[in-house]
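Structure below is coords29.cif: mmCIF, C-alpha atoms and all ligand atoms.
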data_run
loop_
_atom_site.label_atom_id
_atom_site.label_comp_id
_atom_site.auth_asym_id
_atom_site.auth_seq_id
_atom_site.Cartn_x
_atom_site.Cartn_y
_atom_site.Cartn_z
CA MET A 1 93.78 14.65 -173.93
CA THR A 2 95.23 15.40 -170.54
CA ILE A 3 93.26 14.82 -167.35
CA GLU A 4 93.31 18.56 -166.85
CA GLU A 5 91.62 19.12 -170.23
CA ILE A 6 89.06 16.41 -169.49
CA ILE A 7 88.14 18.21 -166.28
CA ARG A 8 87.89 21.55 -168.07
CA VAL A 9 85.62 20.41 -170.92
CA THR A 10 83.29 18.45 -168.66
CA GLN A 11 83.27 21.30 -166.11
CA GLY A 12 84.24 18.65 -163.64
CA THR A 13 85.97 18.63 -160.31
CA LEU A 14 88.93 16.52 -159.33
CA VAL A 15 88.12 14.34 -156.32
CA CYS A 16 91.55 12.69 -156.10
CA GLY A 17 94.65 12.21 -158.14
CA LYS A 18 96.23 15.66 -158.41
CA ALA A 19 99.60 14.19 -159.37
CA HIS A 20 98.06 12.80 -162.55
CA LEU A 21 96.62 16.05 -163.94
CA PRO A 22 99.19 16.15 -166.78
CA ASP A 23 98.62 12.47 -167.73
CA GLU A 24 97.54 11.81 -171.30
CA VAL A 25 94.54 9.59 -172.03
CA ASP A 26 93.46 8.79 -175.54
CA ARG A 27 90.56 6.37 -175.23
CA ALA A 28 87.38 6.15 -173.18
CA PHE A 29 84.59 3.70 -172.44
CA CYS A 30 81.12 4.37 -170.97
CA SER A 31 79.34 1.79 -168.88
CA ASP A 32 77.31 1.18 -165.76
CA LEU A 33 77.78 -2.56 -166.12
CA MET A 34 80.85 -3.72 -164.29
CA SER A 35 81.19 -7.06 -166.11
CA ASP A 36 81.20 -5.09 -169.34
CA VAL A 37 84.14 -3.05 -168.07
CA LEU A 38 85.92 -6.26 -167.07
CA THR A 39 85.77 -7.59 -170.65
CA LEU A 40 87.76 -4.66 -172.02
CA GLY A 41 91.27 -6.04 -171.93
CA CYS A 42 92.91 -2.66 -172.36
CA SER A 43 94.32 -0.44 -169.69
CA ASP A 44 94.89 3.22 -169.06
CA ILE A 45 91.61 4.36 -170.53
CA LEU A 46 89.04 6.75 -169.07
CA LEU A 47 86.01 5.01 -167.63
CA ILE A 48 82.88 7.15 -167.77
CA THR A 49 80.25 5.79 -165.42
CA GLY A 50 77.09 6.71 -163.58
CA LEU A 51 77.71 4.03 -161.03
CA ALA A 52 78.95 5.62 -157.83
CA ASN A 53 79.91 2.85 -155.46
CA VAL A 54 82.93 1.00 -154.13
CA GLN A 55 82.47 -1.69 -156.76
CA ALA A 56 82.97 0.77 -159.59
CA ILE A 57 86.40 1.60 -158.16
CA ARG A 58 87.21 -2.07 -157.50
CA THR A 59 86.24 -2.94 -161.04
CA ALA A 60 88.51 -0.25 -162.43
CA GLU A 61 91.30 -1.51 -160.19
CA MET A 62 90.95 -5.08 -161.52
CA ALA A 63 90.69 -3.91 -165.11
CA ASP A 64 93.84 -1.74 -164.73
CA ILE A 65 91.86 1.42 -165.42
CA ARG A 66 93.37 4.43 -163.68
CA TYR A 67 91.01 7.23 -164.72
CA ILE A 68 87.34 7.43 -163.72
CA LEU A 69 84.79 10.11 -164.58
CA MET A 70 81.60 9.92 -162.53
CA VAL A 71 78.64 11.64 -164.11
CA ARG A 72 75.52 13.33 -162.74
CA ASP A 73 77.18 14.55 -159.56
CA LYS A 74 76.73 11.32 -157.65
CA GLU A 75 77.88 11.26 -154.07
CA VAL A 76 81.40 9.95 -153.52
CA THR A 77 81.87 8.07 -150.24
CA GLU A 78 84.94 8.00 -147.98
CA GLU A 79 85.44 4.33 -148.78
CA MET A 80 85.53 5.12 -152.50
CA ILE A 81 88.12 7.85 -151.93
CA ARG A 82 90.19 5.50 -149.82
CA LEU A 83 90.30 2.92 -152.64
CA VAL A 84 91.09 5.54 -155.26
CA LYS A 85 94.04 6.77 -153.18
CA GLU A 86 95.25 3.30 -152.32
CA ASN A 87 95.41 2.42 -156.00
CA ASP A 88 96.85 5.73 -157.17
CA MET A 89 93.85 6.38 -159.39
CA VAL A 90 92.18 9.56 -160.57
CA LEU A 91 88.54 10.30 -159.78
CA ILE A 92 86.71 13.17 -161.48
CA LYS A 93 83.12 14.23 -160.91
CA THR A 94 80.89 16.12 -163.30
CA SER A 95 77.28 17.22 -163.18
CA PHE A 96 76.94 16.47 -166.90
CA SER A 97 75.04 13.35 -167.97
CA MET A 98 76.77 10.33 -169.46
CA PHE A 99 75.56 11.31 -172.94
CA LYS A 100 76.71 14.89 -172.64
CA SER A 101 80.09 13.99 -171.14
CA ALA A 102 80.73 11.36 -173.79
CA GLY A 103 79.65 13.68 -176.59
CA ILE A 104 81.90 16.49 -175.46
CA LEU A 105 84.88 14.22 -174.88
CA TYR A 106 84.43 12.53 -178.25
CA GLU A 107 84.31 15.90 -179.92
CA SER A 108 87.42 16.95 -178.03
CA GLY A 109 89.31 14.01 -179.50
CA LEU A 110 88.98 11.05 -177.13
CA LYS A 111 88.72 7.81 -179.10
CA PRO A 112 86.34 4.94 -178.37
CA VAL A 113 87.74 1.60 -177.22
CA TYR A 114 85.60 -0.14 -179.87
CA MET B 1 102.84 -19.79 -151.83
CA GLU B 2 99.37 -20.23 -150.45
CA TYR B 3 96.81 -17.65 -149.44
CA SER B 4 93.23 -17.91 -148.31
CA TYR B 5 90.37 -15.47 -147.88
CA THR B 6 86.79 -15.63 -146.72
CA ILE B 7 83.79 -14.07 -148.47
CA SER B 8 80.40 -13.30 -146.94
CA GLY B 9 77.28 -13.41 -149.06
CA GLY B 10 75.62 -10.04 -149.58
CA ASP B 11 78.66 -8.07 -148.46
CA PHE B 12 79.28 -5.93 -151.54
CA THR B 13 81.51 -3.41 -149.76
CA HIS B 14 84.19 -6.03 -149.23
CA ALA B 15 83.72 -7.92 -152.48
CA GLY B 16 86.99 -7.82 -154.33
CA GLU B 17 89.33 -7.69 -151.35
CA ALA B 18 90.81 -11.09 -152.18
CA SER B 19 91.33 -10.05 -155.80
CA SER B 20 92.88 -6.79 -154.70
CA HIS B 21 95.26 -8.55 -152.32
CA LEU B 22 96.19 -11.12 -154.96
CA LYS B 23 96.84 -8.36 -157.47
CA ARG B 24 99.39 -6.84 -155.11
CA ILE B 25 101.11 -10.18 -154.62
CA LEU B 26 101.27 -10.96 -158.34
CA LYS B 27 102.63 -7.47 -159.03
CA SER B 28 105.32 -7.93 -156.41
CA LEU B 29 106.32 -11.15 -158.19
CA ASN B 30 106.81 -9.09 -161.36
CA LEU B 31 104.54 -11.30 -163.43
CA ASP B 32 103.28 -10.27 -166.86
CA PRO B 33 100.65 -7.48 -166.48
CA VAL B 34 98.24 -9.26 -168.85
CA LEU B 35 98.47 -12.46 -166.81
CA ILE B 36 97.88 -10.43 -163.65
CA ARG B 37 94.84 -8.69 -165.11
CA ARG B 38 93.34 -11.92 -166.45
CA THR B 39 93.84 -13.67 -163.12
CA VAL B 40 92.39 -10.95 -160.92
CA VAL B 41 89.45 -10.33 -163.25
CA ALA B 42 88.57 -14.04 -163.13
CA LEU B 43 88.87 -14.10 -159.34
CA TYR B 44 86.93 -10.87 -158.95
CA GLU B 45 83.98 -12.24 -160.95
CA ALA B 46 84.10 -15.40 -158.83
CA GLU B 47 84.13 -13.35 -155.62
CA VAL B 48 81.23 -11.23 -156.80
CA ASN B 49 79.27 -14.39 -157.60
CA VAL B 50 79.67 -15.64 -154.04
CA VAL B 51 78.58 -12.25 -152.69
CA ALA B 52 75.67 -12.01 -155.14
CA HIS B 53 74.42 -15.58 -155.26
CA ALA B 54 75.71 -17.58 -152.29
CA TRP B 55 75.80 -17.41 -148.48
CA ASN B 56 79.49 -17.54 -147.75
CA GLY B 57 82.65 -18.79 -149.33
CA LYS B 58 86.34 -19.30 -149.23
CA VAL B 59 89.09 -18.45 -151.70
CA MET B 60 92.27 -20.51 -151.82
CA VAL B 61 95.15 -19.37 -153.97
CA ASP B 62 98.24 -21.42 -154.69
CA ILE B 63 101.06 -19.80 -156.63
CA SER B 64 103.78 -22.11 -157.90
CA PRO B 65 106.59 -21.31 -160.34
CA ASP B 66 104.53 -22.45 -163.32
CA GLU B 67 100.91 -21.74 -162.47
CA ILE B 68 98.38 -19.89 -160.35
CA VAL B 69 95.59 -22.10 -159.04
CA ILE B 70 92.53 -20.46 -157.50
CA VAL B 71 89.70 -22.37 -155.87
CA VAL B 72 86.56 -20.50 -154.81
CA LYS B 73 84.26 -22.69 -152.80
CA ASP B 74 80.93 -21.55 -151.43
CA ALA B 75 77.99 -22.69 -149.39
CA GLY B 76 74.93 -21.57 -151.28
CA PRO B 77 72.07 -22.53 -153.56
CA GLY B 78 74.40 -24.00 -156.18
CA ILE B 79 73.82 -23.96 -159.93
CA GLU B 80 71.25 -26.38 -161.42
CA ASP B 81 72.31 -26.05 -165.03
CA ILE B 82 75.94 -24.97 -165.36
CA GLU B 83 75.88 -24.90 -169.15
CA ARG B 84 72.96 -22.50 -169.17
CA ALA B 85 74.56 -20.36 -166.43
CA MET B 86 77.71 -20.05 -168.57
CA GLN B 87 75.76 -18.44 -171.41
CA LYS B 88 76.33 -14.75 -171.90
CA GLY B 89 73.40 -12.79 -170.51
CA TYR B 90 71.93 -15.53 -168.33
CA SER B 91 71.41 -14.18 -164.82
CA THR B 92 69.23 -14.76 -161.80
CA ALA B 93 70.69 -11.71 -160.01
CA SER B 94 68.37 -9.71 -157.77
CA PRO B 95 67.50 -6.07 -158.47
CA THR B 96 69.83 -5.06 -155.61
CA VAL B 97 72.72 -6.84 -157.30
CA ARG B 98 71.86 -5.11 -160.59
CA GLU B 99 71.88 -1.73 -158.89
CA MET B 100 75.46 -2.41 -157.85
CA GLY B 101 76.41 -2.72 -161.52
CA PHE B 102 76.45 -6.52 -161.58
CA GLY B 103 74.00 -9.12 -162.81
CA ALA B 104 74.60 -8.70 -166.53
CA GLY B 105 75.12 -12.43 -166.83
CA MET B 106 78.68 -11.97 -168.05
CA GLY B 107 80.57 -13.19 -164.99
CA LEU B 108 81.09 -16.85 -165.83
CA PHE B 109 81.85 -15.93 -169.42
CA ASN B 110 84.46 -13.43 -168.21
CA MET B 111 85.94 -16.05 -165.89
CA LYS B 112 86.24 -18.46 -168.79
CA SER B 113 87.87 -15.98 -171.13
CA ASN B 114 90.34 -14.86 -168.47
CA SER B 115 91.55 -18.28 -167.40
CA ASP B 116 93.54 -21.03 -169.07
CA SER B 117 91.32 -23.57 -167.40
CA LEU B 118 87.99 -23.12 -165.62
CA GLU B 119 86.19 -25.96 -163.85
CA ILE B 120 82.86 -25.53 -162.11
CA LYS B 121 81.33 -28.14 -159.84
CA SER B 122 78.02 -27.49 -158.18
CA ASP B 123 75.74 -29.33 -155.84
CA PRO B 124 72.29 -27.68 -155.87
CA GLY B 125 71.23 -26.68 -152.38
CA VAL B 126 74.76 -27.16 -151.03
CA GLY B 127 77.19 -24.98 -152.92
CA THR B 128 79.52 -24.35 -155.80
CA GLU B 129 83.24 -24.81 -156.39
CA VAL B 130 85.08 -22.95 -159.08
CA ARG B 131 88.67 -23.79 -160.03
CA ILE B 132 90.66 -21.34 -162.11
CA VAL B 133 94.14 -22.13 -163.40
CA ASN B 134 96.41 -19.69 -165.17
CA LYS B 135 99.80 -20.75 -166.46
CA ILE B 136 102.86 -18.67 -165.79
CA SER B 137 104.92 -18.72 -168.97
N1 LIG C 1 78.50 -19.14 -156.78
C1 LIG C 1 77.27 -19.26 -157.30
N2 LIG C 1 76.25 -19.79 -156.57
C2 LIG C 1 75.02 -19.92 -157.07
N3 LIG C 1 74.67 -19.54 -158.32
C3 LIG C 1 75.63 -19.00 -159.09
C4 LIG C 1 76.97 -18.84 -158.63
N4 LIG C 1 77.71 -18.29 -159.63
C5 LIG C 1 76.86 -18.13 -160.65
N5 LIG C 1 75.62 -18.56 -160.36
C6 LIG C 1 74.44 -18.59 -161.25
O1 LIG C 1 74.87 -18.43 -162.58
C7 LIG C 1 74.29 -17.25 -163.14
C8 LIG C 1 75.26 -16.59 -164.11
O2 LIG C 1 76.42 -16.12 -163.41
P1 LIG C 1 77.25 -14.92 -164.04
O3 LIG C 1 77.63 -15.28 -165.43
O4 LIG C 1 78.35 -14.56 -163.10
O5 LIG C 1 76.20 -13.74 -164.13
P2 LIG C 1 75.58 -12.79 -162.99
O6 LIG C 1 76.39 -12.98 -161.75
O7 LIG C 1 75.71 -11.44 -163.58
O8 LIG C 1 74.16 -13.22 -162.81
C9 LIG C 1 73.90 -16.41 -161.95
O9 LIG C 1 72.88 -15.48 -162.24
C10 LIG C 1 73.46 -17.47 -160.95
O10 LIG C 1 72.17 -17.93 -161.27
MG MG C 2 78.41 -12.88 -161.78
#
Show me the file's structure as structure tokens.
Ligand SMILES: Nc1ncnc2c1ncn2[C@@H]1O[C@H](COP(=O)(O)OP(=O)(O)O)[C@@H](O)[C@H]1O
Ligand SMILES: [Mg+2]
Amino acid sequence: MTIEEIIRVTQGTLVCGKAHLPDEVDRAFCSDLMSDVLTLGCSDILLITGLANVQAIRTAEMADIRYILMVRDKEVTEEMIRLVKENDMVLIKTSFSMFKSAGILYESGLKPVY
Amino acid sequence: MEYSYTISGGDFTHAGEASSHLKRILKSLNLDPVLIRRTVVALYEAEVNVVAHAWNGKVMVDISPDEIVIVVKDAGPGIEDIERAMQKGYSTASPTVREMGFGAGMGLFNMKSNSDSLEIKSDPGVGTEVRIVNKIS
């Protein structure tokens, strides 16, 4: 799926990363546990998380994950935006829950990492 | 090349700055992306441990043509039983640390699986020293 399609099906909004709207992503992973994300060993996936803090962005940076979908309309801070920009990442927000976002994205063709 | 960084206990906003800086350096050296990811993930978990469990610490990185050596040394409560701490799922993290998305008890395990060599020395009541070595092939 493209980032643009991901935003459309999750009725999300793009916080940063306009240049990457046409990028293709084919796998996703859901987690609120950062160490879990750090075990992945695969890059360029979509991370779906309910954790809205600087550490979620840092974790994605270390794990080489460029695309982040934050669920449940959590507040995004300036510091988070700064890190997303600095690392040329994409941050999307949706009001959907983790379960709903994952379900819709799975149905739309995103594959699980495991 | 040598680099050093300081870490303050409890400061989650800045946790990961050393790893982020090192990532940039390793990228500029055009090293293998998998080696870069393994190295920064191991350092990041070590940094987070100092922030989550210790009072303050120091990171020393030494990059030579054949290896990357990282030493993370902290002043803190130390680890009584290192073998038990290494087990997946073992954690004494506070609820605040858990709210930040850490404290799953996977950190030391992640450090081990992302390094070629991991040595941990700890003096309870004084502090902990972690040495991570990754070979550049
Ligand atoms: N630098 C440290 N200082 C003191 N205790 C530590 C340190 N690093 C790890 N520990 C201890 O080892 C446990 C396991 O560490 P880790 O695997 O990283 O899991 P977590 O950080 O999620 O608790 C910690 O909960 C803590 O009790
Ligand atoms: Mg840890």
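Closest to ligand LIG 1 (chain C) among A:His20, A:Thr2, A:Leu38, A:Cys30 is A:Leu38, based on all atoms listed in the file.
Near chain B, within 8 Å and counting only C-alpha atoms, the residues of chain A are Asp32, Leu33, Met34, Ser35, Asp36, Leu38, Thr39, Leu51, Asn53, Val54, Gln55, Ala56, Arg58, Glu61, Met62, Ala63 and Asp64 of chain A.
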Separation of atom CA of Met86 of chain B from atom P1 of ligand LIG 1 (chain C) in Å:
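We find that atom P1 of ligand LIG 1 (chain C) and atom CA of Met86 of chain B lie 6.9 Å from each other.
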Closest to Ser8 of chain B among B:Leu29, B:Ala52, B:Val97, B:Ile79, using all atoms listed in the file?
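With all atoms listed in the file as the atom set, the closest residue is B:Ala52.
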What is the atom CA of Ser95 of chain A to atom CA of Thr96 of chain B distance in Å?
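Atom-to-atom, atom CA of Ser95 of chain A to atom CA of Thr96 of chain B, that is 24.7 Å.
Taking atom CA of Ser137 of chain B as the reference point, atom CA of His21 of chain B is found at 21.8 Å.
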Write out as lines of an AutoDock Vina configuration file an axis-aligned box for segment 70-82 of chain B: all of its atoms listed in the file, 5 Å added on each side, centre and edge lengths in Å with one decimal.
center_x = 81.9
center_y = -23.4
center_z = -157.4
size_x = 31.3
size_y = 15.9
size_z = 26.0
Residues within 8 Å of Met70 of chain A, please, as a PyMOL selection string. Count only C-alpha atoms; anything in the same chain fewer than 6 positions from it doesn't count.
chain A and resi 48-52+91-94
Within 8 Å of Ile104 of chain A using all atoms listed in the file, minus same-chain residues under 4 positions, as number ranges by chain
A: 9-10, 100, 108
Long-range neighbours of Lys121 of chain B as number ranges by chain, 9 Å cut-off, only C-alpha atoms, 6 positions minimum in chain
B: 78-79, 82, 127-131
Residue neighbourhood segment 84-90 of chain A, 10 Å, all atoms listed in the file, exclusion window fewer than 4 positions, as JSON, numbers by chain:
{"A": [3, 14, 15, 16, 17, 18, 19, 20, 21, 46, 54, 57, 58, 60, 61, 64, 65, 66, 67, 68, 69, 78, 79, 80], "B": [20]}
